[in-house]
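Text of protein14.csv (CSV, C-alpha atoms) as supplied:
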```
chain,number,residue,atom,x,y,z
R,242,MET,CA,20.0,17.9,-7.8
R,243,SER,CA,16.5,18.7,-8.9
R,244,GLU,CA,15.3,22.3,-9.5
R,245,THR,CA,13.1,22.0,-6.4
R,246,ASN,CA,16.0,21.0,-4.3
R,247,GLU,CA,18.0,23.9,-5.5
R,248,LYS,CA,15.2,26.3,-4.6
R,249,ASN,CA,14.8,24.6,-1.2
R,250,LYS,CA,18.5,25.0,-0.5
R,251,ALA,CA,18.4,28.6,-1.5
R,252,ARG,CA,15.8,29.5,1.2
R,253,ARG,CA,17.1,27.9,4.4
R,254,MET,CA,14.6,26.9,6.9
R,255,ASP,CA,14.3,28.9,10.1
R,256,PRO,CA,16.3,26.7,12.6
R,257,GLU,CA,13.6,27.1,15.3
R,258,ILE,CA,11.0,25.6,13.0
R,259,LYS,CA,13.3,22.9,11.9
R,260,ASN,CA,14.1,22.0,15.5
R,261,LEU,CA,10.3,22.0,16.3
R,262,VAL,CA,9.7,19.5,13.5
R,263,LEU,CA,12.6,17.3,14.6
R,264,TRP,CA,11.3,17.3,18.1
R,265,ARG,CA,7.8,16.4,16.9
R,266,ILE,CA,9.2,13.5,14.9
R,267,GLU,CA,11.3,12.3,17.9
R,268,THR,CA,8.5,12.5,20.4
R,269,SER,CA,5.4,11.5,18.4
R,270,ILE,CA,6.6,8.7,16.1
R,271,PRO,CA,7.0,5.2,17.4
R,272,PRO,CA,10.2,3.3,16.2
R,273,ASN,CA,8.2,0.7,14.4
R,274,PHE,CA,6.5,3.3,12.1
R,275,LYS,CA,7.5,3.9,8.5
R,276,LEU,CA,6.2,6.7,6.3
R,277,SER,CA,5.0,6.3,2.8
R,278,ILE,CA,5.4,9.8,1.3
R,279,GLY,CA,6.1,10.6,-2.4
R,280,GLY,CA,7.8,8.2,-4.6
R,281,GLY,CA,10.2,5.6,-3.4
R,282,GLU,CA,10.5,3.3,-0.3
R,283,ALA,CA,8.8,4.0,3.0
R,284,LEU,CA,11.0,6.0,5.4
R,285,THR,CA,12.1,5.1,8.9
R,286,LYS,CA,12.0,7.7,11.7
R,287,GLU,CA,15.7,8.2,11.4
R,288,GLU,CA,15.5,8.7,7.7
R,289,LEU,CA,12.7,11.3,8.2
R,290,LYS,CA,15.0,13.2,10.5
R,291,GLN,CA,17.8,13.0,8.0
R,292,HIS,CA,15.6,14.5,5.3
R,293,VAL,CA,14.5,17.3,7.6
R,294,GLU,CA,18.0,18.0,8.6
R,295,ALA,CA,19.1,18.2,4.9
R,296,GLU,CA,16.1,20.4,4.0
R,297,ASP,CA,15.8,18.4,0.8
R,298,GLU,CA,12.6,17.9,-1.2
R,299,ILE,CA,11.2,15.2,1.1
R,300,GLY,CA,12.4,17.1,4.2
R,301,MET,CA,10.5,20.2,3.1
R,302,GLN,CA,7.4,18.1,2.4
R,303,ILE,CA,7.6,16.8,6.0
R,304,ILE,CA,8.2,20.2,7.4
R,305,ASN,CA,5.3,21.7,5.5
R,306,SER,CA,3.0,18.9,6.6
R,307,HIS,CA,3.8,19.5,10.3
R,308,LEU,CA,3.4,23.3,9.9
R,309,SER,CA,0.1,22.9,8.1
R,310,PHE,CA,-1.2,20.7,11.0
R,311,ILE,CA,0.1,23.1,13.7
R,312,LYS,CA,-1.6,26.0,11.9
R,313,ALA,CA,-4.9,24.1,11.6
R,314,LEU,CA,-4.8,23.3,15.3
R,315,SER,CA,-4.0,26.9,16.4
R,316,SER,CA,-6.4,28.6,14.0
R,317,GLY,CA,-9.3,26.4,15.1
R,318,GLU,CA,-9.7,25.0,11.5
R,319,PHE,CA,-9.0,21.5,12.7
R,320,ALA,CA,-11.5,21.6,15.5
R,321,ASN,CA,-14.1,23.2,13.3
R,322,ALA,CA,-13.7,20.6,10.6
R,323,LEU,CA,-14.2,17.8,13.2
R,324,ALA,CA,-17.3,19.5,14.6
R,325,GLU,CA,-19.0,19.7,11.2
M,159,MET,CA,-22.1,-3.8,-17.8
M,160,LYS,CA,-19.6,-1.0,-17.0
M,161,THR,CA,-15.9,-1.6,-16.8
M,162,ILE,CA,-13.4,-0.6,-14.1
M,163,LEU,CA,-9.7,-0.7,-14.7
M,164,PHE,CA,-7.2,-1.2,-11.8
M,165,THR,CA,-3.5,-0.6,-12.0
M,166,ARG,CA,-1.6,-2.4,-9.2
M,167,PRO,CA,2.2,-2.3,-9.2
M,168,CYS,CA,3.8,-4.2,-6.3
M,169,TYR,CA,7.6,-3.6,-6.0
M,170,ASP,CA,8.2,-1.7,-2.7
M,171,LEU,CA,6.4,-1.4,0.6
M,172,PRO,CA,4.1,1.5,-0.3
M,173,THR,CA,3.0,-0.1,-3.6
M,174,THR,CA,2.6,-3.5,-1.8
M,175,TYR,CA,0.1,-1.9,0.6
M,176,LEU,CA,-1.8,-0.3,-2.2
M,177,PHE,CA,-1.8,-3.6,-4.1
M,178,TYR,CA,-3.5,-5.4,-1.3
M,179,TYR,CA,-6.0,-2.7,-0.4
M,180,ALA,CA,-7.0,-2.3,-4.1
M,181,GLY,CA,-7.5,-6.0,-4.1
M,182,LEU,CA,-10.3,-5.7,-1.7
M,183,LEU,CA,-12.1,-3.4,-4.2
M,184,ILE,CA,-11.7,-5.9,-7.0
M,185,LYS,CA,-13.9,-8.3,-5.1
M,186,GLU,CA,-16.4,-5.5,-4.4
M,187,SER,CA,-16.5,-4.5,-8.0
M,188,GLU,CA,-17.3,-8.0,-9.2
M,189,GLU,CA,-20.0,-8.2,-6.6
M,190,LYS,CA,-21.5,-5.0,-8.0
M,191,MET,CA,-21.4,-6.6,-11.4
M,192,PHE,CA,-18.6,-4.5,-12.9
M,193,SER,CA,-16.4,-6.0,-15.5
M,194,VAL,CA,-12.9,-5.8,-13.8
M,195,LEU,CA,-9.6,-5.3,-15.6
M,196,ASP,CA,-6.8,-5.9,-13.2
M,197,LEU,CA,-3.5,-4.7,-14.5
M,198,LYS,CA,-0.7,-6.2,-12.4
M,199,LYS,CA,2.7,-7.8,-13.0
M,200,PRO,CA,3.6,-9.1,-15.6
M,201,ARG,CA,0.9,-7.5,-17.7
M,202,LEU,CA,1.2,-4.0,-16.1
M,203,THR,CA,3.0,-2.1,-18.9
M,204,LYS,CA,2.3,1.1,-20.7
M,205,GLU,CA,1.5,-0.7,-23.9
M,206,ASN,CA,-1.1,-3.0,-22.2
M,207,PHE,CA,-2.6,-0.1,-20.4
M,208,GLU,CA,-3.1,1.9,-23.6
M,209,LYS,CA,-4.5,-1.1,-25.4
M,210,MET,CA,-6.9,-1.9,-22.5
M,211,ILE,CA,-8.2,1.6,-22.4
M,212,GLU,CA,-8.8,1.7,-26.1
M,213,LYS,CA,-10.3,-1.8,-26.4
M,214,ASN,CA,-12.5,-1.9,-23.2
M,215,ASN,CA,-13.4,1.8,-22.7
M,216,PRO,CA,-13.5,1.6,-18.9
M,217,ALA,CA,-15.9,4.0,-17.1
M,218,ILE,CA,-13.7,4.1,-14.0
M,219,VAL,CA,-9.9,4.0,-13.9
M,220,PHE,CA,-8.3,3.5,-10.5
M,221,PHE,CA,-4.5,4.0,-10.3
M,222,ASN,CA,-2.5,2.7,-7.3
M,223,ALA,CA,1.0,4.0,-7.8
M,224,HIS,CA,3.8,6.5,-7.3
M,225,GLY,CA,3.1,9.7,-9.1
M,226,THR,CA,4.4,13.2,-9.9
M,227,LYS,CA,2.8,16.4,-11.0
M,228,THR,CA,2.7,15.2,-14.6
M,229,ALA,CA,2.8,11.4,-14.6
M,230,ILE,CA,1.5,8.3,-12.9
M,231,TYR,CA,3.8,5.2,-12.8
M,232,GLY,CA,3.1,1.6,-13.4
M,233,ASP,CA,5.4,-1.3,-12.6
M,234,LYS,CA,9.2,-1.5,-12.5
M,235,ILE,CA,10.6,-2.7,-15.7
M,236,GLY,CA,14.1,-3.8,-14.8
M,237,ASP,CA,15.3,-1.1,-12.4
M,238,GLU,CA,13.2,1.7,-13.9
M,239,GLU,CA,9.6,2.6,-13.0
M,240,GLU,CA,7.6,2.8,-16.2
M,241,ILE,CA,5.3,5.8,-16.8
M,242,LEU,CA,1.8,4.7,-17.6
M,243,VAL,CA,0.2,8.0,-18.3
M,244,GLU,CA,1.9,11.4,-18.8
M,245,GLU,CA,0.7,14.9,-19.4
M,246,ASN,CA,0.9,15.9,-23.0
M,247,VAL,CA,1.9,12.4,-24.0
M,248,ASN,CA,-1.2,10.2,-23.5
M,249,HIS,CA,-3.3,12.0,-20.9
M,250,GLU,CA,-6.2,12.1,-23.4
M,251,LEU,CA,-6.8,8.4,-22.7
M,252,LEU,CA,-8.3,9.5,-19.4
M,253,ASN,CA,-10.7,12.1,-20.9
M,254,SER,CA,-14.4,11.5,-20.3
M,255,ARG,CA,-13.7,8.9,-17.6
M,256,LEU,CA,-14.0,8.9,-13.8
M,257,VAL,CA,-10.5,8.6,-12.5
M,258,TYR,CA,-9.2,8.1,-9.0
M,259,ALA,CA,-5.4,8.3,-8.8
M,260,ARG,CA,-4.1,7.0,-5.4
M,261,ALA,CA,-0.8,8.6,-6.3
M,262,CYS,CA,1.1,11.6,-5.1
M,263,TRP,CA,0.8,15.0,-6.8
M,264,SER,CA,-1.3,13.8,-9.6
M,265,ALA,CA,-4.1,16.4,-9.2
M,266,THR,CA,-1.5,19.2,-9.4
M,267,SER,CA,-1.2,19.4,-13.2
M,268,LEU,CA,-1.9,16.0,-14.9
M,269,GLY,CA,-5.4,15.8,-13.4
M,270,ASN,CA,-6.5,19.1,-15.0
M,271,LYS,CA,-5.9,17.8,-18.5
M,272,ALA,CA,-7.1,14.3,-17.7
M,273,CYS,CA,-10.6,15.5,-16.7
M,274,LEU,CA,-11.4,17.2,-20.0
M,275,ASN,CA,-14.5,16.3,-22.0
M,276,ASN,CA,-16.8,16.0,-19.1
M,277,GLY,CA,-14.6,13.6,-17.2
M,278,CYS,CA,-13.6,13.8,-13.5
M,279,PHE,CA,-10.3,13.3,-11.8
M,280,ILE,CA,-9.9,12.6,-8.1
M,281,GLY,CA,-6.4,12.8,-6.8
M,282,TYR,CA,-3.9,14.6,-4.6
M,283,ASN,CA,-2.1,18.0,-5.0
M,284,LEU,CA,0.5,16.9,-2.5
M,285,PRO,CA,1.9,13.5,-1.5
M,286,PHE,CA,-0.8,10.9,-0.5
M,287,SER,CA,0.9,9.6,2.7
M,288,PHE,CA,0.3,6.9,5.2
M,289,TRP,CA,2.1,5.3,8.2
M,290,ILE,CA,3.1,1.7,8.1
M,291,ASP,CA,3.6,-0.4,11.2
M,292,GLU,CA,6.7,-2.4,10.2
M,293,ARG,CA,5.6,-5.2,12.5
M,294,TRP,CA,2.7,-5.9,10.1
M,295,SER,CA,4.4,-5.2,6.8
M,296,ALA,CA,4.2,-8.9,5.7
M,297,LYS,CA,0.4,-8.7,6.2
M,298,PRO,CA,-0.7,-5.3,5.0
M,299,LEU,CA,-4.4,-5.9,5.5
M,300,ASN,CA,-3.7,-6.7,9.2
M,301,ASP,CA,-1.8,-3.4,9.8
M,302,ASN,CA,-4.3,-1.3,11.8
M,303,THR,CA,-2.1,1.8,11.5
M,304,ALA,CA,-2.1,1.8,7.6
M,305,LYS,CA,-5.8,0.9,7.7
M,306,LEU,CA,-6.5,4.3,9.2
M,307,PHE,CA,-5.5,5.9,5.9
M,308,LEU,CA,-6.2,3.3,3.3
M,309,GLU,CA,-9.8,2.5,4.3
M,310,PRO,CA,-11.0,6.1,3.8
M,311,SER,CA,-9.1,6.1,0.5
M,312,ASN,CA,-10.8,2.8,-0.5
M,313,LEU,CA,-14.1,4.3,0.4
M,314,ILE,CA,-13.9,6.6,-2.6
M,315,VAL,CA,-14.0,3.7,-5.0
M,316,SER,CA,-16.6,1.8,-2.9
M,317,SER,CA,-18.9,4.8,-3.1
M,318,LEU,CA,-18.4,5.2,-6.8
M,319,LEU,CA,-19.3,1.5,-7.3
M,320,LYS,CA,-22.5,2.2,-5.5
M,321,GLY,CA,-23.4,4.9,-8.0
M,322,ASN,CA,-22.5,7.9,-5.8
M,323,THR,CA,-21.2,11.1,-7.5
M,324,ALA,CA,-17.5,11.9,-7.3
M,325,GLU,CA,-18.2,14.7,-4.8
M,326,GLU,CA,-20.3,12.3,-2.6
M,327,ALA,CA,-17.5,9.7,-2.7
M,328,VAL,CA,-14.9,12.3,-1.6
M,329,THR,CA,-17.2,13.6,1.2
M,330,ARG,CA,-17.7,10.1,2.5
M,331,SER,CA,-14.0,9.4,2.5
M,332,ASN,CA,-13.3,12.6,4.4
M,333,GLU,CA,-16.1,11.8,6.9
M,334,MET,CA,-14.4,8.4,7.6
M,335,SER,CA,-11.0,10.2,8.0
M,336,LYS,CA,-12.6,12.5,10.6
M,337,LYS,CA,-14.1,9.6,12.4
M,338,ASN,CA,-10.6,8.0,12.5
M,339,ILE,CA,-9.2,11.3,13.9
M,340,LEU,CA,-11.8,11.4,16.6
M,341,ARG,CA,-11.1,7.8,17.6
M,342,LEU,CA,-7.4,8.7,17.8
M,343,LEU,CA,-8.2,11.7,20.0
M,344,LYS,CA,-9.9,9.3,22.4
M,345,GLU,CA,-6.9,7.0,22.4
M,346,LYS,CA,-4.2,9.6,23.0
M,347,GLU,CA,-2.1,7.0,24.7
M,348,GLU,CA,-1.9,4.9,21.6
M,349,PRO,CA,1.6,5.1,20.2
M,350,GLY,CA,1.7,7.3,17.1
M,351,ALA,CA,-1.8,8.8,17.6
M,352,ILE,CA,-0.7,12.4,17.1
M,353,ALA,CA,1.4,11.4,14.1
M,354,SER,CA,-1.5,9.6,12.5
M,355,MET,CA,-3.9,12.5,13.1
M,356,SER,CA,-1.5,14.9,11.5
M,357,LEU,CA,-1.2,12.7,8.4
M,358,LEU,CA,-5.0,12.1,8.1
M,359,TRP,CA,-5.5,15.8,8.2
M,360,SER,CA,-2.9,16.3,5.5
M,361,ASN,CA,-4.5,13.7,3.2
M,362,MET,CA,-7.9,15.3,3.6
M,363,GLN,CA,-6.5,18.7,2.7
M,364,CYS,CA,-4.7,17.6,-0.4
M,365,LEU,CA,-7.5,15.4,-1.8
M,366,GLN,CA,-9.0,17.2,-4.9
M,367,ILE,CA,-11.8,16.7,-7.3
M,368,LEU,CA,-11.2,18.2,-10.8
M,369,GLY,CA,-13.7,18.4,-13.6
M,370,ASP,CA,-17.3,17.2,-13.3
M,371,LYS,CA,-17.9,16.7,-9.5
M,372,ALA,CA,-21.4,15.4,-10.2
M,373,MET,CA,-20.2,12.6,-12.4
M,374,ARG,CA,-21.4,9.2,-11.4
M,375,ILE,CA,-21.3,5.7,-12.9
M,376,GLU,CA,-24.5,3.7,-12.8
M,377,ASN,CA,-24.1,0.1,-13.7
```
Once you've parsed the file, please lay out its structure as structure tokens.
Amino acid sequence: MSETNEKNKARRMDPEIKNLVLWRIETSIPPNFKLSIGGGEALTKEELKQHVEAEDEIGMQIINSHLSFIKALSSGEFANALAE
Amino acid sequence: MKTILFTRPCYDLPTTYLFYYAGLLIKESEEKMFSVLDLKKPRLTKENFEKMIEKNNPAIVFFNAHGTKTAIYGDKIGDEEEILVEENVNHELLNSRLVYARACWSATSLGNKACLNNGCFIGYNLPFSFWIDERWSAKPLNDNTAKLFLEPSNLIVSSLLKGNTAEEAVTRSNEMSKKNILRLLKEKEEPGAIASMSLLWSNMQCLQILGDKAMRIEN
């Protein structure tokens, strides 16, 4: 297990946030989509959910990406950037 | 005549997509009268990469690959991905050049050393990500979902070929990503629209320019 994975395991994700990300994956991603993220093969929707459930390195990247987008939406940063 | 060096591994779905999209820029480079070095299988090895840099002194280096904070990979040799360039090993090969690394994490640490001596490094401080529509995976250039992400990325190199600065190239790329987001907003019923918007936003946020932002290559 990599050092990053160890750190990620040490700080468990808030279950509500994890469930929110899992719900977003379930509802917003079509079954024919695969995600290229980081090294390695592209990931199916089911594999994405497994990584998030495991809170491993890829799972944390996915969670952080979702949270970053939600924050940008709620803060107005996303809308402001599009309006520029 | 200035030289541009492409690295184009092609051994899994993500690298296959990058391979084809980078191929579009090879044609464009030739039309713009650049001398093109296309490193792909079987010549894509660290040894050849180092030799080509030293012999041909490319003004632009365009990596298409998997990456980490300290390294950018080339092709798979056997079952192992071979590192082409690595921090504190051979990163100085990139100094003084205009580099675009379409590779995850590369702007986090490696890019800072690669852009020394008035060079410029464009890359990502998080994973560069894109959605693939599996139904089109045999024809990457016809995959309209992947196109949303790879066209703005290609635009960085297109802009550099036209003599724009690194900063202008990145601005144009981000503008195209915004246009794609706005188009998706109008097509909310399109499957995966929200997922694509989220990822376009993420790529815009992690795209970085290190070193001389005003660097340009005039052919």
Computed interatomic separation between CA of Lys234 (chain M) and CA of Leu176 (chain M) (Å): 15.1 Å
Which of R:Glu257, R:Glu298, R:Glu282, R:Glu267 sits closest to chain M [using all atoms listed in the file]: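 Looking only at the distances to chain M, the closest residue turns out to be R:Glu282.
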Given only C-alpha atoms as the counted atoms, nearest of M:Ile352, M:Asn377, M:Cys168, M:Gln363 to Glu188 (chain M): M:Asn377
Residue nearest Ala324 (chain M) among M:Glu244, M:Asp370, M:Asp196, M:Asp170 (counting all atoms listed in the file):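 Smallest distance to Ala324 (chain M) is found for M:Asp370.
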Among the residues M:Ile339, M:Val194, M:Ala217, M:Cys278, the one that comes closest to Phe319 (chain R) [using only C-alpha atoms]: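 Ranking M:Ile339, M:Val194, M:Ala217, M:Cys278 by distance to Phe319 (chain R), first place goes to M:Ile339.
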Length of the CA of Leu268 (chain M) to CA of Gly225 (chain M) vector [Å]: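 Atom-to-atom, CA of Leu268 (chain M) to CA of Gly225 (chain M), that is 9.9 Å.
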Residue neighbourhood Phe286 (chain M), 7 Å, all atoms listed in the file, exclusion window fewer than 4 positions, as a ChimeraX atom specification: /R:278 /M:261-262,282,361
Residue list as a PyMOL selection string for point (-7.6, 1.3, 7.5), cut-off 12 Å, all atoms listed in the file: chain M and resi 175-176+178-179+182+288-291+298-313+331+334-335+337-339+354+358
Answer as an MDAnalysis selection string, residues within 7 Å of (3.8, 13.4, 5.4) using all atoms listed in the file: (chainID R and resid 278 302:303 306) or (chainID M and resid 287 357)
Among the residues M:Val315, M:Leu171, M:Ala265, M:Ala259, the one that comes closest to chain R [using all atoms listed in the file]: M:Leu171
Atomic distance CA of Val262 (chain R) - CA of Gly280 (chain R), expressed in Å with one decimal: 21.4 Å
Residue among M:Met362, M:Ile230, M:Leu319, M:Ala223 lying closest to Thr266 (chain M), counting only C-alpha atoms: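 Looking only at the distances to Thr266 (chain M), the closest residue turns out to be M:Ile230.
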